[in-house]
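Structure file upload.tsv with TSV, C-alpha atoms and all ligand atoms:
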```
chain	number	residue	atom	x	y	z
A	1	LEU	CA	-132.36	-67.91	-139.10
A	2	ALA	CA	-132.50	-67.32	-135.37
A	3	THR	CA	-135.21	-64.96	-134.20
A	4	LEU	CA	-135.01	-63.17	-130.94
A	5	ASP	CA	-137.74	-63.25	-128.39
A	6	PRO	CA	-138.14	-59.91	-126.61
A	7	VAL	CA	-137.76	-61.34	-123.12
A	8	SER	CA	-134.34	-62.81	-123.82
A	9	ALA	CA	-133.29	-59.45	-125.23
A	10	SER	CA	-134.01	-57.67	-121.96
A	11	ASP	CA	-130.43	-57.71	-120.76
A	12	LEU	CA	-127.01	-58.95	-121.79
A	13	ALA	CA	-126.87	-61.77	-119.25
A	14	ALA	CA	-130.15	-63.15	-120.61
A	15	LEU	CA	-128.77	-62.99	-124.13
A	16	GLU	CA	-125.67	-64.90	-123.10
A	17	ASP	CA	-127.93	-67.61	-121.63
A	18	VAL	CA	-129.76	-67.91	-124.95
A	19	ALA	CA	-126.46	-68.02	-126.81
A	20	ARG	CA	-125.10	-70.71	-124.51
A	21	ALA	CA	-128.16	-72.85	-125.12
A	22	ARG	CA	-127.88	-72.45	-128.91
A	23	LEU	CA	-124.15	-72.96	-129.34
A	24	ASP	CA	-122.34	-76.22	-129.04
A	25	ARG	CA	-120.01	-76.50	-126.10
A	26	GLY	CA	-116.79	-76.02	-128.02
A	27	ALA	CA	-117.94	-72.84	-129.77
A	28	TYR	CA	-119.45	-71.38	-126.59
A	29	ASP	CA	-116.26	-72.00	-124.63
A	30	TYR	CA	-114.05	-70.68	-127.43
A	31	ILE	CA	-115.91	-67.37	-127.25
A	32	ALA	CA	-116.48	-67.21	-123.50
A	33	GLY	CA	-113.07	-68.39	-122.39
A	34	GLY	CA	-109.75	-66.74	-121.64
A	35	ALA	CA	-106.12	-67.66	-121.09
A	36	GLU	CA	-104.84	-69.84	-118.25
A	37	ASP	CA	-106.83	-69.26	-115.03
A	38	GLU	CA	-108.99	-66.56	-116.61
A	39	VAL	CA	-107.98	-64.11	-113.86
A	40	THR	CA	-107.61	-61.14	-116.21
A	41	MET	CA	-110.84	-61.95	-117.97
A	42	ALA	CA	-112.75	-61.74	-114.69
A	43	ALA	CA	-110.74	-58.72	-113.50
A	44	ASN	CA	-111.76	-56.75	-116.58
A	45	VAL	CA	-115.43	-56.98	-115.66
A	46	ALA	CA	-114.87	-56.41	-111.94
A	47	ALA	CA	-112.69	-53.33	-112.41
A	48	TRP	CA	-115.45	-51.37	-114.17
A	49	SER	CA	-118.01	-52.18	-111.46
A	50	ALA	CA	-115.53	-51.07	-108.80
A	51	LEU	CA	-115.55	-47.49	-110.12
A	52	ASP	CA	-118.11	-45.56	-108.07
A	53	ILE	CA	-120.08	-42.88	-109.85
A	54	ARG	CA	-120.88	-39.45	-108.35
A	55	PRO	CA	-123.94	-38.28	-110.27
A	56	HIS	CA	-124.95	-34.64	-110.52
A	57	VAL	CA	-128.58	-33.64	-109.95
A	58	LEU	CA	-130.75	-30.69	-110.97
A	59	ARG	CA	-129.35	-30.16	-114.43
A	60	ASP	CA	-131.60	-30.03	-117.46
A	61	VAL	CA	-131.24	-33.47	-119.06
A	62	SER	CA	-134.35	-33.37	-121.21
A	63	ALA	CA	-132.27	-33.93	-124.35
A	64	VAL	CA	-129.38	-36.40	-124.09
A	65	ASP	CA	-127.19	-36.95	-127.16
A	66	THR	CA	-124.84	-39.97	-127.24
A	67	SER	CA	-123.43	-39.27	-130.71
A	68	THR	CA	-119.76	-38.41	-131.20
A	69	ARG	CA	-116.98	-38.31	-133.81
A	70	LEU	CA	-114.15	-40.85	-133.87
A	71	LEU	CA	-111.20	-40.39	-136.25
A	72	GLY	CA	-113.46	-38.45	-138.57
A	73	THR	CA	-116.41	-40.87	-138.41
A	74	GLN	CA	-119.72	-39.84	-136.87
A	75	VAL	CA	-121.24	-42.58	-134.66
A	76	SER	CA	-124.56	-42.71	-132.83
A	77	ALA	CA	-122.79	-43.78	-129.63
A	78	PRO	CA	-119.16	-44.38	-128.63
A	79	VAL	CA	-119.68	-48.14	-128.64
A	80	LEU	CA	-117.83	-50.03	-131.38
A	81	VAL	CA	-117.84	-53.65	-132.49
A	82	ALA	CA	-114.50	-55.18	-131.42
A	83	PRO	CA	-112.72	-57.37	-133.95
A	84	SER	CA	-113.40	-61.01	-133.21
A	85	ALA	CA	-112.65	-64.14	-135.16
A	86	MET	CA	-115.11	-66.41	-136.94
A	87	HIS	CA	-118.61	-65.02	-136.53
A	88	GLY	CA	-119.67	-68.08	-138.50
A	89	LEU	CA	-119.40	-70.00	-135.22
A	90	ALA	CA	-122.31	-67.96	-133.86
A	91	CYS	CA	-124.49	-67.40	-136.93
A	92	GLU	CA	-124.73	-68.74	-140.47
A	93	GLU	CA	-124.58	-65.25	-142.00
A	94	ALA	CA	-121.40	-64.63	-140.02
A	95	GLU	CA	-119.91	-61.11	-140.24
A	96	ALA	CA	-122.57	-59.98	-142.72
A	97	ALA	CA	-125.15	-60.00	-139.92
A	98	THR	CA	-122.85	-58.18	-137.51
A	99	ALA	CA	-121.93	-55.54	-140.08
A	100	ARG	CA	-125.57	-54.86	-140.97
A	101	ALA	CA	-126.48	-54.44	-137.30
A	102	ALA	CA	-123.55	-52.08	-136.69
A	103	ALA	CA	-124.48	-50.00	-139.75
A	104	ARG	CA	-128.11	-49.84	-138.71
A	105	PHE	CA	-127.17	-48.74	-135.20
A	106	GLY	CA	-124.74	-46.23	-136.64
A	107	THR	CA	-121.43	-47.43	-135.31
A	108	ILE	CA	-118.14	-48.83	-136.55
A	109	MET	CA	-117.78	-52.53	-137.32
A	110	THR	CA	-114.20	-53.69	-136.86
A	111	LEU	CA	-113.70	-56.69	-139.12
A	112	SER	CA	-111.23	-59.29	-137.86
A	113	LEU	CA	-108.50	-60.70	-140.04
A	114	ALA	CA	-109.89	-64.09	-138.96
A	115	ALA	CA	-113.41	-63.33	-140.23
A	116	ASN	CA	-115.31	-65.98	-142.14
A	117	LEU	CA	-116.11	-63.52	-144.92
A	118	SER	CA	-113.62	-61.60	-147.01
A	119	LEU	CA	-113.25	-57.90	-146.44
A	120	GLU	CA	-114.75	-57.35	-149.91
A	121	GLU	CA	-117.83	-59.44	-149.05
A	122	VAL	CA	-118.46	-57.46	-145.87
A	123	ALA	CA	-117.94	-54.17	-147.71
A	124	ALA	CA	-120.52	-55.24	-150.29
A	125	VAL	CA	-123.08	-55.90	-147.54
A	126	THR	CA	-122.60	-52.48	-145.89
A	127	PRO	CA	-121.07	-50.17	-148.48
A	128	ALA	CA	-121.89	-47.08	-146.43
A	129	GLY	CA	-121.54	-48.54	-142.93
A	130	PRO	CA	-118.42	-47.30	-141.19
A	131	ARG	CA	-115.89	-50.13	-141.10
A	132	TRP	CA	-112.37	-50.64	-139.75
A	133	PHE	CA	-110.17	-53.62	-140.57
A	134	GLN	CA	-108.08	-55.43	-137.96
A	135	THR	CA	-104.91	-57.27	-138.80
A	136	TYR	CA	-101.69	-58.50	-137.29
A	137	MET	CA	-98.31	-57.84	-138.86
A	138	HIS	CA	-97.43	-60.95	-140.85
A	139	ARG	CA	-93.93	-62.30	-141.31
A	140	ASP	CA	-94.64	-61.71	-144.99
A	141	ARG	CA	-94.96	-57.92	-144.98
A	142	GLY	CA	-96.11	-57.99	-148.57
A	143	PHE	CA	-99.16	-59.98	-147.47
A	144	THR	CA	-100.10	-57.38	-144.85
A	145	ARG	CA	-99.49	-54.61	-147.37
A	146	GLU	CA	-101.91	-56.18	-149.85
A	147	LEU	CA	-104.51	-56.64	-147.10
A	148	VAL	CA	-104.48	-53.01	-145.97
A	149	GLN	CA	-104.57	-51.82	-149.58
A	150	ARG	CA	-107.60	-54.04	-150.20
A	151	ALA	CA	-109.15	-52.53	-147.07
A	152	ARG	CA	-108.55	-49.02	-148.38
A	153	ASP	CA	-109.93	-49.92	-151.81
A	154	THR	CA	-113.15	-51.28	-150.30
A	155	GLY	CA	-113.90	-48.36	-147.99
A	156	TYR	CA	-112.47	-49.36	-144.61
A	157	ALA	CA	-111.63	-46.13	-142.80
A	158	ALA	CA	-108.86	-47.31	-140.45
A	159	ILE	CA	-106.50	-50.20	-139.80
A	160	VAL	CA	-106.48	-51.71	-136.33
A	161	LEU	CA	-103.08	-53.28	-135.76
A	162	THR	CA	-103.26	-55.83	-132.97
A	163	VAL	CA	-99.97	-56.08	-131.11
A	164	ASP	CA	-100.72	-58.24	-128.07
A	165	SER	CA	-100.20	-61.61	-129.72
A	166	PRO	CA	-96.46	-62.25	-130.09
A	167	ALA	CA	-96.97	-65.73	-128.65
A	168	LEU	CA	-99.80	-68.22	-128.53
A	169	SER	CA	-101.75	-68.25	-125.34
A	170	ARG	CA	-102.97	-71.36	-123.58
A	171	ARG	CA	-106.73	-71.53	-123.33
A	172	GLY	CA	-107.71	-74.39	-121.07
A	173	ARG	CA	-111.29	-74.66	-122.24
A	174	ASP	CA	-110.24	-75.12	-125.86
A	175	ILE	CA	-107.66	-77.70	-124.87
A	176	ARG	CA	-110.17	-79.65	-122.76
A	177	ASN	CA	-112.80	-79.51	-125.52
A	178	GLU	CA	-110.22	-80.30	-128.21
A	179	PHE	CA	-111.84	-77.36	-129.96
A	180	ALA	CA	-111.52	-77.15	-133.72
A	181	PRO	CA	-113.65	-74.83	-135.84
A	182	PRO	CA	-116.20	-76.66	-138.01
A	183	SER	CA	-114.70	-77.65	-141.34
A	184	HIS	CA	-117.19	-75.64	-143.42
A	185	LEU	CA	-115.83	-72.34	-142.09
A	186	ARG	CA	-113.23	-70.44	-144.08
A	187	VAL	CA	-110.95	-67.59	-143.06
A	188	PRO	CA	-110.50	-65.99	-146.47
A	189	ASN	CA	-108.47	-62.95	-145.33
A	190	MET	CA	-105.75	-65.02	-143.69
A	191	PRO	CA	-102.73	-66.43	-145.44
A	192	PRO	CA	-103.50	-69.87	-146.85
A	193	ALA	CA	-103.07	-72.57	-144.24
A	194	PRO	CA	-100.25	-75.00	-144.81
A	195	SER	CA	-102.89	-77.70	-145.23
A	196	GLY	CA	-104.56	-75.97	-148.18
A	197	ASP	CA	-107.81	-74.08	-148.74
A	198	ALA	CA	-109.89	-75.40	-145.82
A	199	LEU	CA	-109.60	-73.77	-142.41
A	200	ASP	CA	-106.82	-75.56	-140.66
A	201	PRO	CA	-108.40	-77.14	-137.57
A	202	ASP	CA	-105.16	-76.25	-135.90
A	203	LEU	CA	-105.72	-72.51	-135.43
A	204	LEU	CA	-102.22	-72.31	-134.07
A	205	ALA	CA	-100.80	-73.14	-137.47
A	206	LEU	CA	-102.53	-70.07	-138.90
A	207	ALA	CA	-101.27	-67.77	-136.18
A	208	ALA	CA	-97.72	-68.89	-136.98
A	209	ALA	CA	-97.87	-66.39	-139.85
A	210	PHE	CA	-97.87	-63.47	-137.37
A	211	ASP	CA	-94.48	-61.84	-136.92
A	212	PRO	CA	-93.16	-61.88	-133.34
A	213	ALA	CA	-90.32	-59.55	-134.45
A	214	VAL	CA	-92.68	-56.60	-135.02
A	215	THR	CA	-91.60	-53.35	-133.27
A	216	PHE	CA	-92.66	-49.71	-132.87
A	217	GLU	CA	-90.82	-48.91	-136.12
A	218	ASP	CA	-93.44	-50.97	-137.97
A	219	VAL	CA	-96.44	-49.10	-136.59
A	220	SER	CA	-96.48	-46.58	-139.42
A	221	LEU	CA	-96.24	-49.20	-142.20
A	222	PRO	CA	-100.00	-49.70	-142.73
A	223	THR	CA	-100.40	-45.91	-143.12
A	224	GLU	CA	-97.45	-45.74	-145.53
A	225	TRP	CA	-98.96	-48.56	-147.57
A	226	SER	CA	-102.59	-47.43	-147.57
A	227	GLY	CA	-102.87	-43.85	-146.36
A	228	LEU	CA	-105.31	-45.08	-143.69
A	229	PRO	CA	-104.94	-44.14	-140.02
A	230	VAL	CA	-103.59	-46.90	-137.76
A	231	VAL	CA	-105.00	-47.72	-134.35
A	232	VAL	CA	-102.65	-49.85	-132.24
A	233	LYS	CA	-104.68	-52.42	-130.30
A	234	GLY	CA	-103.59	-54.39	-127.27
A	235	LEU	CA	-101.46	-52.26	-124.97
A	236	VAL	CA	-101.89	-51.41	-121.29
A	237	ARG	CA	-99.01	-49.00	-120.58
A	238	GLY	CA	-98.62	-45.26	-120.94
A	239	ASP	CA	-95.08	-45.51	-122.35
A	240	ASP	CA	-96.14	-47.95	-125.07
A	241	ALA	CA	-99.11	-45.77	-125.97
A	242	SER	CA	-96.99	-42.65	-126.13
A	243	ARG	CA	-94.45	-44.37	-128.35
A	244	SER	CA	-97.15	-45.74	-130.66
A	245	ILE	CA	-98.50	-42.23	-131.19
A	246	ALA	CA	-94.99	-40.83	-131.69
A	247	GLN	CA	-94.44	-43.49	-134.36
A	248	GLY	CA	-97.50	-42.34	-136.27
A	249	ALA	CA	-100.50	-44.16	-134.80
A	250	ALA	CA	-103.72	-42.14	-134.87
A	251	GLY	CA	-104.95	-43.89	-131.73
A	252	VAL	CA	-104.58	-46.84	-129.38
A	253	VAL	CA	-106.90	-49.45	-127.91
A	254	VAL	CA	-106.19	-50.21	-124.26
A	255	SER	CA	-106.84	-53.93	-124.37
A	256	ASN	CA	-105.67	-57.26	-123.00
A	257	HIS	CA	-107.59	-59.12	-125.70
A	258	GLY	CA	-110.44	-59.81	-123.30
A	259	GLY	CA	-108.09	-61.79	-121.05
A	260	ARG	CA	-107.25	-64.20	-123.85
A	261	GLN	CA	-103.48	-63.57	-124.04
A	262	LEU	CA	-101.30	-63.07	-120.93
A	263	ASP	CA	-103.29	-64.01	-117.85
A	264	GLY	CA	-102.43	-61.71	-114.95
A	265	THR	CA	-102.38	-58.63	-117.18
A	266	ILE	CA	-103.81	-55.55	-115.51
A	267	ALA	CA	-107.55	-54.95	-115.97
A	268	THR	CA	-108.15	-52.39	-118.70
A	269	ALA	CA	-110.15	-50.03	-116.47
A	270	ARG	CA	-107.09	-49.78	-114.22
A	271	ALA	CA	-104.67	-49.30	-117.12
A	272	LEU	CA	-106.71	-46.67	-118.92
A	273	PRO	CA	-105.93	-43.50	-116.87
A	274	GLU	CA	-102.16	-43.86	-117.35
A	275	VAL	CA	-102.62	-44.30	-121.10
A	276	VAL	CA	-104.95	-41.29	-121.36
A	277	GLU	CA	-102.40	-39.18	-119.54
A	278	ALA	CA	-99.48	-40.39	-121.66
A	279	VAL	CA	-101.31	-39.81	-124.94
A	280	GLY	CA	-102.27	-36.36	-123.73
A	281	GLY	CA	-104.70	-35.64	-126.55
A	282	ARG	CA	-102.18	-36.46	-129.32
A	283	GLY	CA	-104.35	-39.34	-130.51
A	284	ALA	CA	-107.58	-41.18	-129.82
A	285	VAL	CA	-107.81	-43.59	-126.88
A	286	PHE	CA	-110.14	-46.55	-127.04
A	287	VAL	CA	-110.61	-49.30	-124.48
A	288	ASP	CA	-112.12	-52.78	-124.40
A	289	GLY	CA	-112.45	-55.72	-122.03
A	290	GLY	CA	-115.37	-56.42	-119.74
A	291	ILE	CA	-117.66	-53.61	-120.90
A	292	ARG	CA	-121.06	-55.07	-120.07
A	293	SER	CA	-123.41	-52.10	-119.65
A	294	GLY	CA	-124.00	-48.52	-120.69
A	295	THR	CA	-122.85	-47.54	-117.22
A	296	ASP	CA	-119.49	-49.19	-117.97
A	297	VAL	CA	-119.31	-47.12	-121.15
A	298	LEU	CA	-119.88	-43.97	-119.08
A	299	ARG	CA	-117.13	-45.06	-116.65
A	300	ALA	CA	-114.68	-45.59	-119.52
A	301	LEU	CA	-115.46	-42.19	-120.99
A	302	ALA	CA	-115.15	-40.60	-117.55
A	303	LEU	CA	-111.61	-42.03	-117.34
A	304	GLY	CA	-110.81	-40.33	-120.65
A	305	ALA	CA	-111.55	-42.92	-123.34
A	306	ASP	CA	-113.02	-41.62	-126.59
A	307	ALA	CA	-115.02	-44.81	-127.09
A	308	VAL	CA	-115.22	-48.46	-126.10
A	309	LEU	CA	-115.13	-51.67	-128.10
A	310	VAL	CA	-117.34	-54.59	-127.20
A	311	GLY	CA	-116.31	-58.20	-127.84
A	312	ARG	CA	-118.20	-61.13	-126.37
A	313	PRO	CA	-121.61	-59.47	-125.91
A	314	ILE	CA	-121.76	-58.89	-129.69
A	315	LEU	CA	-121.18	-62.60	-130.24
A	316	TRP	CA	-123.88	-63.52	-127.71
A	317	GLY	CA	-126.28	-61.29	-129.60
A	318	LEU	CA	-125.23	-62.87	-132.88
A	319	ALA	CA	-125.74	-66.40	-131.57
A	320	ALA	CA	-129.05	-65.53	-129.91
A	321	GLY	CA	-130.63	-63.67	-132.80
A	322	GLY	CA	-128.33	-62.97	-135.74
A	323	GLU	CA	-128.45	-59.39	-137.01
A	324	GLN	CA	-131.42	-58.67	-134.76
A	325	GLY	CA	-129.51	-59.95	-131.74
A	326	VAL	CA	-126.49	-57.73	-132.43
A	327	THR	CA	-128.82	-54.78	-132.94
A	328	ALA	CA	-130.40	-55.58	-129.56
A	329	VAL	CA	-126.99	-55.57	-127.85
A	330	LEU	CA	-125.92	-52.26	-129.37
A	331	THR	CA	-129.30	-50.67	-128.70
A	332	MET	CA	-129.24	-51.84	-125.10
A	333	LEU	CA	-125.77	-50.36	-124.53
A	334	GLY	CA	-126.71	-47.11	-126.27
A	335	GLU	CA	-129.92	-46.71	-124.27
A	336	GLU	CA	-128.18	-47.54	-121.00
A	337	LEU	CA	-125.50	-44.97	-121.78
A	338	ALA	CA	-128.14	-42.32	-122.45
A	339	ARG	CA	-129.89	-43.22	-119.20
A	340	ALA	CA	-126.64	-43.13	-117.21
A	341	MET	CA	-125.85	-39.71	-118.72
A	342	ALA	CA	-129.25	-38.38	-117.68
A	343	PHE	CA	-128.74	-39.67	-114.16
A	344	CYS	CA	-125.34	-37.97	-114.09
A	345	GLY	CA	-126.64	-34.63	-115.32
A	346	VAL	CA	-124.73	-34.65	-118.61
A	347	THR	CA	-126.31	-34.28	-122.04
A	348	ARG	CA	-123.31	-34.60	-124.36
A	349	ILE	CA	-120.45	-37.08	-124.63
A	350	SER	CA	-117.90	-34.27	-124.26
A	351	GLU	CA	-119.33	-33.39	-120.83
A	352	ILE	CA	-118.46	-36.79	-119.34
A	353	ASP	CA	-115.29	-36.37	-117.29
A	354	ARG	CA	-113.36	-37.82	-114.40
A	355	ASP	CA	-115.15	-35.68	-111.87
A	356	LEU	CA	-118.08	-38.10	-112.24
A	357	LEU	CA	-116.02	-40.85	-110.60
A	358	ASP	CA	-114.81	-41.33	-107.08
A	359	TRP	CA	-111.26	-41.34	-108.32
A	360	ALA	CA	-108.09	-41.62	-106.22
A	361	ASP	CA	-106.66	-38.23	-107.22
A	362	ARG	CA	-109.84	-36.36	-106.37
A	363	PRO	CA	-109.09	-33.69	-103.78
A	364	GLY	CA	-110.21	-34.69	-100.32
A	365	ARG	CA	-110.32	-38.41	-101.08
A	366	ARG	CA	-108.19	-40.56	-98.85
B	1	LIG	C1	-114.06	-65.09	-129.69
B	1	LIG	C2	-113.11	-63.93	-129.72
B	1	LIG	C3	-112.29	-63.76	-130.82
B	1	LIG	C4	-111.44	-62.65	-130.88
B	1	LIG	N1	-110.70	-62.47	-132.02
B	1	LIG	C5	-109.92	-61.35	-132.12
B	1	LIG	C6	-109.22	-61.08	-133.32
B	1	LIG	O1	-109.33	-61.80	-134.31
B	1	LIG	N2	-108.44	-59.96	-133.35
B	1	LIG	C7	-108.33	-59.10	-132.29
B	1	LIG	O2	-107.62	-58.11	-132.37
B	1	LIG	N3	-109.01	-59.34	-131.15
B	1	LIG	C8	-109.79	-60.43	-131.04
B	1	LIG	N4	-110.50	-60.64	-129.89
B	1	LIG	C9	-110.41	-59.65	-128.77
B	1	LIG	C10	-111.48	-58.57	-128.92
B	1	LIG	O3	-111.20	-57.70	-129.99
B	1	LIG	C11	-111.57	-57.70	-127.66
B	1	LIG	O4	-110.29	-57.20	-127.35
B	1	LIG	C12	-112.13	-58.42	-126.44
B	1	LIG	O5	-113.10	-59.38	-126.81
B	1	LIG	C13	-112.74	-57.40	-125.48
B	1	LIG	O6	-113.18	-58.00	-124.33
B	1	LIG	P1	-114.72	-58.41	-124.04
B	1	LIG	O7	-114.96	-59.68	-124.84
B	1	LIG	O8	-114.72	-58.65	-122.59
B	1	LIG	O9	-115.60	-57.28	-124.50
B	1	LIG	C14	-111.37	-61.74	-129.80
B	1	LIG	C15	-112.20	-61.93	-128.70
B	1	LIG	C16	-113.07	-63.00	-128.64
B	1	LIG	C17	-113.95	-63.16	-127.45
```
Would you write out, as structure tokens, the structure that this file holds?
Amino acid sequence: LATLDPVSASDLAALEDVARARLDRGAYDYIAGGAEDEVTMAANVAAWSALDIRPHVLRDVSAVDTSTRLLGTQVSAPVLVAPSAMHGLACEEAEAATARAAARFGTIMTLSLAANLSLEEVAAVTPAGPRWFQTYMHRDRGFTRELVQRARDTGYAAIVLTVDSPALSRRGRDIRNEFAPPSHLRVPNMPPAPSGDALDPDLLALAAAFDPAVTFEDVSLPTEWSGLPVVVKGLVRGDDASRSIAQGAAGVVVSNHGGRQLDGTIATARALPEVVEAVGGRGAVFVDGGIRSGTDVLRALALGADAVLVGRPILWGLAAGGEQGVTAVLTMLGEELARAMAFCGVTRISEIDRDLLDWADRPGRR
């Protein structure tokens, strides 16, 4: 199993370099890449850096606490593992390694529908670790119903319903590489591929099971079926967020799928304030896309997010050092957040607010 040398774990960019060297080209590009010209993917990262911080000084910051509560779950920091497909591409232990690292750090692991381990297998590895399960709405509603009931029965605390994938995006890197997942990988939570038990090398065939006819009326179904709260993932508009909450969602994730769906979609940092305002405290607001430092986490919280999800950096950690690598990523982000809070004169998550940013609606700002 991969071991992590301390130098490469010094920052996220270094970890990505290690991951790039360890992964084959197709797998690296599948993870790193985005849709079309990758404009949104780059914009996500840039939009966080563009938010200037206005730190306070001379406040007692001798004890900084990054812990918080999210939909009833206590976490050590508001940094969650985003759902991402096929961790077996990055590490032999696949999602088991990621889940262990998340549990050890004390945060929520969101298991993807397209994981290489079943939701029962991951639950067995981290029975007590907080876990959410991500799915799409399948054309066969009965299939989705069984999935969310299995999730409930094995201790997942929420269902993340991803809604930004009504069509298949075009990812140039995968096309150029003729990327197909290695044949030993399985996706046991997904409906059986038309070709049988093995993972269909044509990922598109699998995604054909997702229902493009899904609407706001369907948002409450996973809760009706399982009693679990639903978090709607993959919206960037206040009206859509408001409607999701009105239809029974417990929260939303402001997300453009890391720039992997519609290229040209607004960067999530720019979409977040409108969503926070529209939700108006009626539900939880999460955000992902381009979060690459603890300072970015602080910026997201300052704009009103309750927590962030992290996608690619988790996979770089996994490829660079398995469970240890994921732990390094989460620890780095948690420590950076604590440091940024100290610099800003805040000691608790609830004290982070928009006043810490040089924001357009701040009085006196042109
Ligand atoms: C390799 C990869 C696979 C992903 N698979 C899924 C998935 O199965 N379901 C889902 O809802 N989002 C998926 N996502 C999107 C992530 O949940 C998240 O929205 C995105 O990665 C956040 O952006 P970031 O990578 O810049 O942090 C995937 C992202 C990546 C990079």
Gap from CA of Ser49 in chain A to CA of Asp306 in chain A - Å, one decimal: 19.1 Å
Under the rule that only C-alpha atoms are counted, which of A:Val253, A:Leu89, A:Ala269, A:Ala158 is the nearest residue to Val187 in chain A?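 Using only C-alpha atoms, Val187 in chain A sits closest to A:Leu89.
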Edge lengths and centre in Å to one decimal, as lines of an AutoDock Vina configuration file, of the axis-aligned box that encloses all listed atoms of range 267-272 of chain A with 8 Å added on every side?
```
center_x = -107.4
center_y = -50.8
center_z = -116.6
size_x = 21.5
size_y = 24.3
size_z = 20.7
```
Counting only C-alpha atoms and all ligand atoms, which residues of chain A sit at most 9 Å from some atom of ligand LIG 1 (chain B), and what is each one's closest atom pair with its distance in Å to one decimal, listed by chain and rising residue number, as a tab-separated table?
```
residue	atom	partner	partner_atom	distance
A:Ala27	CA	B:LIG1	C1	8.7
A:Tyr28	CA	B:LIG1	C1	8.8
A:Asp29	CA	B:LIG1	C1	8.8
A:Tyr30	CA	B:LIG1	C1	6.0
A:Ile31	CA	B:LIG1	C1	3.8
A:Ala32	CA	B:LIG1	C17	6.2
A:Gly33	CA	B:LIG1	C17	7.3
A:Gly34	CA	B:LIG1	C17	8.0
A:Met41	CA	B:LIG1	O8	6.9
A:Ala42	CA	B:LIG1	O8	8.7
A:Asn44	CA	B:LIG1	O8	7.0
A:Val45	CA	B:LIG1	O8	7.2
A:Val81	CA	B:LIG1	O3	8.2
A:Ala82	CA	B:LIG1	O3	4.4
A:Pro83	CA	B:LIG1	O3	4.3
A:Ser84	CA	B:LIG1	N1	3.3
A:Ala85	CA	B:LIG1	N1	4.1
A:Met86	CA	B:LIG1	C3	7.2
A:His87	CA	B:LIG1	C1	8.2
A:Thr110	CA	B:LIG1	O3	8.5
A:Leu111	CA	B:LIG1	O1	8.3
A:Ser112	CA	B:LIG1	O1	4.7
A:Leu113	CA	B:LIG1	O1	5.9
A:Ala114	CA	B:LIG1	O1	5.2
A:Ala115	CA	B:LIG1	O1	7.4
A:Gln134	CA	B:LIG1	O2	6.2
A:Thr135	CA	B:LIG1	O2	7.0
A:Tyr136	CA	B:LIG1	O2	7.7
A:Val160	CA	B:LIG1	O2	7.6
A:Leu161	CA	B:LIG1	O2	7.4
A:Thr162	CA	B:LIG1	O2	5.0
A:Val163	CA	B:LIG1	O2	8.0
A:Asp164	CA	B:LIG1	O2	8.1
A:Ser165	CA	B:LIG1	O2	8.6
A:Lys233	CA	B:LIG1	O2	6.7
A:Gly234	CA	B:LIG1	O4	7.3
A:Val253	CA	B:LIG1	O4	8.5
A:Val254	CA	B:LIG1	O4	8.7
A:Ser255	CA	B:LIG1	O4	5.6
A:Asn256	CA	B:LIG1	O4	6.3
A:His257	CA	B:LIG1	O4	3.7
A:Gly258	CA	B:LIG1	O6	3.4
A:Gly259	CA	B:LIG1	O6	7.1
A:Arg260	CA	B:LIG1	C15	7.3
A:Val287	CA	B:LIG1	O4	8.4
A:Asp288	CA	B:LIG1	C13	4.8
A:Gly289	CA	B:LIG1	O6	3.3
A:Gly290	CA	B:LIG1	O8	3.7
A:Ile291	CA	B:LIG1	O9	5.5
A:Arg292	CA	B:LIG1	O9	7.4
A:Val308	CA	B:LIG1	O9	9.0
A:Leu309	CA	B:LIG1	O9	6.7
A:Val310	CA	B:LIG1	O9	4.2
A:Gly311	CA	B:LIG1	O9	3.5
A:Arg312	CA	B:LIG1	O7	3.9
A:Pro313	CA	B:LIG1	O9	6.6
A:Ile314	CA	B:LIG1	O9	8.2
A:Leu315	CA	B:LIG1	C1	7.6
```
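Minimum atom-to-atom distances from A:Leu318, A:Ala167, A:Val276, A:Leu206 to Arg20 in chain A were compared using all atoms listed in the file, and the lowest value belongs to A:Leu318.
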So which one's closest to Arg186 in chain A, A:Phe343, A:Arg171, A:Arg59, A:Ser118? Using all atoms listed in the file, please.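 Going through A:Phe343, A:Arg171, A:Arg59, A:Ser118 one by one, the smallest distance to Arg186 in chain A is for A:Ser118.
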Which residues are close to range 68-76 of chain A, i.e. within 8 Å by only C-alpha atoms, leaving aside same-chain residues fewer than 6 positions away? Reply as JSON, numbers by chain. {"A": [105, 106, 107, 108, 130, 250, 284, 306, 307, 349]}
Would you pick out the contacts of Val252 in chain A at 8 Å or less, using all atoms listed in the file, so that residues sharing its chain but fewer than 6 positions from it are not included, and give the list as a count of residues only? 12
Shortest interatomic distance to Ala96 in chain A - which of A:Ala21, A:Ala213, A:Ala302, A:Val326, counting all atoms listed in the file: A:Val326
Spatial sel., origin (-122.4, -61.9, -137.1), limit 8 Å, only C-alpha atoms, listed as a PyMOL selection string: chain A and resi 87-88+90-99+315+318-319+322-323+326
Residues within 10 Å of range 331-341 of chain A, only C-alpha atoms, excluding chain neighbours under 4 positions, as an NGL selection string: :A and (9-12 or 53 or 55-56 or 61 or 63-67 or 76-79 or 101-102 or 105 or 291-299 or 310 or 325-327 or 345-349 or 351-352)
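Note that the spacing between CA of Arg145 in chain A and CA of Asp240 in chain A amounts to 23.5 Å.
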I need the residue nearest Val236 in chain A from this list: A:Gly129, A:Thr223, A:Ala278, A:Pro192. Use all atoms listed in the file for the distance.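 Closest candidate: A:Ala278.
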Which of these residues is nearest to Leu228 in chain A, using only C-alpha atoms: A:Trp359, A:Tyr156, A:Phe210, A:Phe143? A:Tyr156
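Atom pair CA of Ala47 in chain A / CA of Leu15 in chain A has a distance of 22.1 Å (rounded to one decimal).
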